[in-house]
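Since the structure comes first, as C-alpha cells, the remarks are kept for the end.
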Amino acid sequence: MASNARLLFPLVLICFCTVTIAKEGPFLPNSVILPVTKDIATHQYVTQIYIGDQPLAPTKLVIDITGSSSWIDSAHLLSSSGHPRPFGCFSLQCSLAEANSCTRPSRTSRNTCTLEAENPITNMVTRGELTEDIIAVQVTDGIKTGLASVPHFLFSYVPALLLRGLGDGVKGVLGLGNTRISLPSQVADAFSFQRTFSLCLSSSNGALIAGEIPYVLPHNNDVAKSLMYTPLVFREGSKVQGYYINVKSIKINGKKLSINESLLSVNQEGVGGTKISTTVPSTTMVSTLYNTFIKAYIKAAIGMNMTMAPPVAPFGICFRSEGLEANRDASNVPIIDLVLQSEMVKWRIEGRNSLVQVNDKVMCLGFLDGGSSSKDSVVLGGYQLEDNLLEFKLGTKMLGFSALAMGHTTCSNLRSSYIPREAF
C-alpha cells in the first residue's frame, strides 16, 4: 500500500481512513487497539483517542459497553484542532444514527439532527447534536503498529454538565453498543474489518481491540485456544443496546443454587437476564437472587475455614484476609460458576474476581444487592470482568470468553504485546 494511502469503503456511509507509520512504513491493519486504564478514584475504565487534524488532541473517554453512540464535551471539541460538522434531520448520517429529534441551534438557521446522550454513571440524559470529525486511533497488523485517521467519525457533542461524575480529565463516553454508529461498527466500516471487538479490562493497564487479531502472547501463549463461546442476547425493541448472556444456573463449589432460574434469562417482556457492564464497578443481583446467593457463599466459605468480618461499605459480606492474600486464585475460597448453554460451558469466577481487598485485614465479596425492582436480574460488573478476555462477534451474535489468570497471564500482558509504550 502506498504511503498515506486512502481507502474508500462505501458501506451505507462513505468512509475512508489514512494509515501512517512514522518508523516502519505503511501497512494494512487488521485491528484497532486502544489502551484502557482504570481510574482508581471512580473505578471507571478509560481509553484515549485523538481528535482533529494537526496537532492531534488527546481525548479521554469512559468506555460504555452498552452505549449506542459516543459523545464528547462540546467545549473540549471546539477548543481542539477538529472541525465538527453537524447534520440535518434528513441526512443519511441522521438516518444511520436512528435519531428521532431535531433542533434549531442558534448558530445556524437549519434544523440539526440530535441524539439522546446519557451519562452511564449518573444516568443524566440530555440531547447532543450529531456531528462528524477526524479521529486518530492506534492500529496494528499483529506485528507493526501506528496511528490511523478516520475522517468521518460520527458522535454527538454535548454540554459540559453531562461530564459530572466522570473521572478526572475525562471528556466524554465511548459507546460500544450493537448499533451502526458505535465505535466497533464505525471502525469496521472504515477499515473493512469484521464487526468484532474484544475487551480485556485490568486493574491497571488493559486493552480494547476492534477487528481481528491473533491472541498470541509471550511464551507462545495462544489465548484464542482457550476461548469458549456462548450466544449474545439482545432485548428486542429496547433503546438500551446492552449485551446479555443466557445463564442457566449458578453454582458455588459445584453445588447448584436453588433459585428461580427464569430470572437469569430475558423474558418476553424484556425483563430479567444477565447483562455485561463496564460502568457498574461490581456485580449486582436482584434482591431475591442475591439473598440466596450470599447464604450459599457464606456456607461454602465457613466450610473452607474462612472467618467473617464486619461489612465494609458498599459490600455486605466480608472476611478476614489472613491467609488469603497470596492464594486468591487458588482453592481456598469458594468457586462461582455461571452455567451457560450446557454444563460444559461455564463462566468461572475465582478469588481474583470474587473477593475485593478493602484494607490490610479484610476482603469482601464483590457482589452487591441490586434491589427488588431491578430490570436486569444480574449485571456483571467491571471487577468480575478484569483479566478476562471477552470477544464480541456482532455478526454472529456470539461471545467468546477466557479467564487469562487461569493461564498465568493478564490483560496487561495483552496490552503490552500490541501497544507501543509511548502510546500508554
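The way I read the labels, and the way they are meant: chains A, B, ... in the order of the C-alpha cells, residue 1 as the first residue of every chain, and ligand 1 as the first ligand shown, with later ones counted on from there.
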- Item | Who sits within 6 Å of range 29-42 of chain A, only C-alpha atoms, same chain under 3 positions skipped, as a PyMOL selection string | chain A and resi 45-47+138-141+203-212
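Proximity to Ala136 in chain A was assessed for A:Gly52, A:Asp168, A:Gly272, A:Ser412 counting only C-alpha atoms; the smallest distance is recorded for A:Gly52.
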Which residues, written as a compact mmCIF listing (two decimals) with N, CA, C and O atoms, in the first residue's frame, have at least one atom at most 9 Å from Ile298 in chain A, with only C-alpha atoms counted and residues fewer than 5 positions away on the same chain left out?
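So the final result, stored in part21.txt, reads:
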# COMPACT_ATOMS: atom_id res chain seq x y z
N PHE A 293 -27.91 -16.28 46.99
CA PHE A 293 -26.50 -16.37 46.60
C PHE A 293 -25.58 -16.19 47.81
O PHE A 293 -24.65 -16.98 48.02
N GLY A 303 -17.28 -23.36 55.53
CA GLY A 303 -16.83 -24.73 55.39
C GLY A 303 -15.39 -24.84 54.93
O GLY A 303 -14.76 -25.91 55.06
N MET A 306 -12.93 -19.96 56.25
CA MET A 306 -12.83 -18.51 56.13
C MET A 306 -13.58 -17.87 57.30
O MET A 306 -14.65 -18.35 57.71
N MET A 308 -15.54 -14.70 58.98
CA MET A 308 -16.29 -13.50 58.61
C MET A 308 -15.81 -12.29 59.39
O MET A 308 -15.31 -12.40 60.52
N ILE A 317 -20.88 -8.52 52.57
CA ILE A 317 -20.31 -9.75 53.11
C ILE A 317 -18.79 -9.64 53.04
O ILE A 317 -18.21 -9.50 51.96
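For range 56-215 of chain A, backbone-based DSSP labels the following residues as helix (DSSP H, G or I): Ser74, Ala75, His76, Leu77, Leu78, Ser79, Leu92, Gln93, Cys94, Ser95, Leu96, Ala160, Leu161, Leu162, Leu163, Leu183, Pro184, Ser185, Gln186, Val187, Ala188, Asp189, Ala190 and Phe191 of chain A.
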Output N, CA, C and O atoms for every residue in that selection, as a compact mmCIF listing (two decimals), in the first residue's frame.
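Written file, result-v8.txt:
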# COMPACT_ATOMS: atom_id res chain seq x y z
N SER A 74 -18.69 19.53 24.31
CA SER A 74 -18.59 20.48 23.20
C SER A 74 -17.46 21.48 23.40
O SER A 74 -16.79 21.88 22.43
N ALA A 75 -17.20 21.90 24.64
CA ALA A 75 -16.12 22.86 24.89
C ALA A 75 -14.77 22.27 24.52
O ALA A 75 -13.93 22.94 23.91
N HIS A 76 -14.55 21.00 24.87
CA HIS A 76 -13.29 20.35 24.51
C HIS A 76 -13.18 20.21 23.00
O HIS A 76 -12.12 20.43 22.41
N LEU A 77 -14.28 19.85 22.38
CA LEU A 77 -14.28 19.64 20.93
C LEU A 77 -13.94 20.92 20.19
O LEU A 77 -13.12 20.95 19.27
N LEU A 78 -14.55 22.02 20.58
CA LEU A 78 -14.34 23.28 19.88
C LEU A 78 -12.99 23.90 20.18
O LEU A 78 -12.49 24.72 19.40
N SER A 79 -12.36 23.50 21.29
CA SER A 79 -11.03 24.03 21.62
C SER A 79 -9.92 23.21 20.98
O SER A 79 -8.76 23.61 21.01
N LEU A 92 -28.32 11.34 5.47
CA LEU A 92 -28.03 9.91 5.57
C LEU A 92 -27.44 9.58 6.94
O LEU A 92 -27.73 8.53 7.52
N GLN A 93 -26.61 10.48 7.47
CA GLN A 93 -25.98 10.24 8.77
C GLN A 93 -27.02 10.19 9.90
O GLN A 93 -26.91 9.38 10.82
N CYS A 94 -28.01 11.08 9.82
CA CYS A 94 -29.07 11.09 10.84
C CYS A 94 -29.87 9.80 10.78
O CYS A 94 -30.23 9.23 11.82
N SER A 95 -30.12 9.30 9.58
CA SER A 95 -30.84 8.05 9.42
C SER A 95 -30.00 6.89 9.97
O SER A 95 -30.52 5.99 10.64
N LEU A 96 -28.70 6.91 9.71
CA LEU A 96 -27.81 5.87 10.20
C LEU A 96 -27.80 5.82 11.72
O LEU A 96 -27.74 4.75 12.33
N ALA A 160 -21.20 20.63 28.93
CA ALA A 160 -20.25 20.13 29.93
C ALA A 160 -20.94 19.53 31.15
O ALA A 160 -20.33 18.71 31.85
N LEU A 161 -22.17 19.90 31.42
CA LEU A 161 -22.85 19.38 32.61
C LEU A 161 -22.99 17.86 32.58
O LEU A 161 -23.12 17.21 33.62
N LEU A 162 -22.94 17.27 31.39
CA LEU A 162 -23.07 15.82 31.29
C LEU A 162 -21.82 15.09 31.77
O LEU A 162 -21.84 13.88 31.97
N LEU A 163 -20.72 15.83 31.98
CA LEU A 163 -19.48 15.22 32.44
C LEU A 163 -19.48 14.92 33.94
O LEU A 163 -18.58 14.25 34.44
N LEU A 183 -18.40 2.65 18.18
CA LEU A 183 -17.03 2.56 17.70
C LEU A 183 -16.75 1.27 16.94
O LEU A 183 -16.16 1.32 15.85
N PRO A 184 -17.14 0.08 17.43
CA PRO A 184 -16.82 -1.14 16.68
C PRO A 184 -17.39 -1.14 15.26
O PRO A 184 -16.72 -1.56 14.32
N SER A 185 -18.61 -0.64 15.09
CA SER A 185 -19.21 -0.63 13.76
C SER A 185 -18.54 0.39 12.85
O SER A 185 -18.31 0.11 11.66
N GLN A 186 -18.23 1.56 13.37
CA GLN A 186 -17.63 2.59 12.52
C GLN A 186 -16.22 2.22 12.06
O GLN A 186 -15.87 2.44 10.90
N VAL A 187 -15.41 1.66 12.94
CA VAL A 187 -14.06 1.29 12.50
C VAL A 187 -14.11 0.05 11.62
O VAL A 187 -13.26 -0.13 10.73
N ALA A 188 -15.11 -0.81 11.81
CA ALA A 188 -15.27 -1.95 10.92
C ALA A 188 -15.56 -1.47 9.50
O ALA A 188 -15.01 -2.00 8.52
N ASP A 189 -16.42 -0.47 9.36
CA ASP A 189 -16.70 0.10 8.05
C ASP A 189 -15.48 0.81 7.47
O ASP A 189 -15.17 0.68 6.29
N ALA A 190 -14.77 1.53 8.31
CA ALA A 190 -13.63 2.33 7.83
C ALA A 190 -12.48 1.47 7.35
O ALA A 190 -11.83 1.78 6.35
N PHE A 191 -12.20 0.36 8.05
CA PHE A 191 -11.03 -0.46 7.73
C PHE A 191 -11.40 -1.79 7.09
O PHE A 191 -10.54 -2.63 6.86
- Taking only C-alpha atoms into account, which of A:Leu340, A:Pro55, A:Leu166, A:Thr288 comes nearest Val247 in chain A?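 The shortest atom-to-atom distance to Val247 in chain A comes from A:Leu340.
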- For Asn267 in chain A, please output as a ChimeraX atom specification all residues within 12 Å (counting only C-alpha atoms; exclusion window: fewer than 6 positions along the same chain). /A:233-236,244,246,261,273-274,375-377
- Task: From a DSSP pass on the backbone, collect the residues of range 58-269 of chain A flagged as strand (DSSP E) and hand them back as a ChimeraX atom specification.
- Result: /A:58-64,71-73,85-86,101-103,112-118,125-140,145-158,170-175,196-200,205-211,216-217,221-222,228-233,243-245,249-252,255-256
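Of the residues under consideration (A:Ser70, A:Ser287, A:Asn111, A:Leu201), A:Leu201 shows the shortest atom-to-atom contact distance to Thr410 in chain A when counting only C-alpha atoms.
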Determine, for each residue of range 119-185 of chain A having at least one atom at most 6 Å from an atom of range 85-90 of chain A, the closest pair of atoms and their separation in Å to one decimal, counting only C-alpha atoms; order by chain and ascending number, as a Markdown table.
| residue | atom | partner | partner_atom | distance |
| --- | --- | --- | --- | --- |
| A:Leu130 | CA | A:Pro86 | CA | 5.7 |
| A:Thr131 | CA | A:Pro86 | CA | 4.2 |
| A:Glu132 | CA | A:Arg85 | CA | 5.5 |
- Task: Please provide as a PyMOL selection string all residues within 12 Å of Val362 in chain A, with the sequence filter that same-chain residues fewer than 2 positions apart are discarded (counting only C-alpha atoms).
- Result: chain A and resi 306-313+315+317-325+355-360+364-365
- Message: One decimal, in Å: what's the spacing between CA of Gln194 in chain A and CA of Gly395 in chain A?
- Response: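 Pair CA of Gln194 in chain A / CA of Gly395 in chain A returns 7.5 Å.
Shortest atom-to-atom contact with Thr179 in chain A among A:Ser68, A:Ser80, A:Thr196, A:Gln268: A:Ser68, counting only C-alpha atoms.
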Contact check, range 257-297 of chain A to range 120-129 of chain A, at most 10 Å, counting only C-alpha atoms, closest pairs as JSON lines:
{"residue": "A:Thr278", "atom": "CA", "partner": "A:Pro120", "partner_atom": "CA", "distance": 9.5}
{"residue": "A:Thr279", "atom": "CA", "partner": "A:Ile121", "partner_atom": "CA", "distance": 6.6}
{"residue": "A:Val280", "atom": "CA", "partner": "A:Ile121", "partner_atom": "CA", "distance": 7.9}
Could you turn the residues from that selection into a file that holds N, CA, C and O atoms, as a CSV table (one decimal), in the first residue's frame?
chain,number,residue,atom,x,y,z
A,278,THR,N,-19.6,-2.3,31.8
A,278,THR,CA,-18.3,-1.7,32.1
A,278,THR,C,-18.4,-0.5,33.0
A,278,THR,O,-17.3,0.0,33.4
A,279,THR,N,-19.6,-0.1,33.3
A,279,THR,CA,-19.7,1.1,34.1
A,279,THR,C,-20.3,0.8,35.5
A,279,THR,O,-20.4,1.7,36.3
A,280,VAL,N,-20.6,-0.4,35.8
A,280,VAL,CA,-21.0,-0.8,37.1
A,280,VAL,C,-19.8,-1.5,37.7
A,280,VAL,O,-19.2,-2.5,37.2
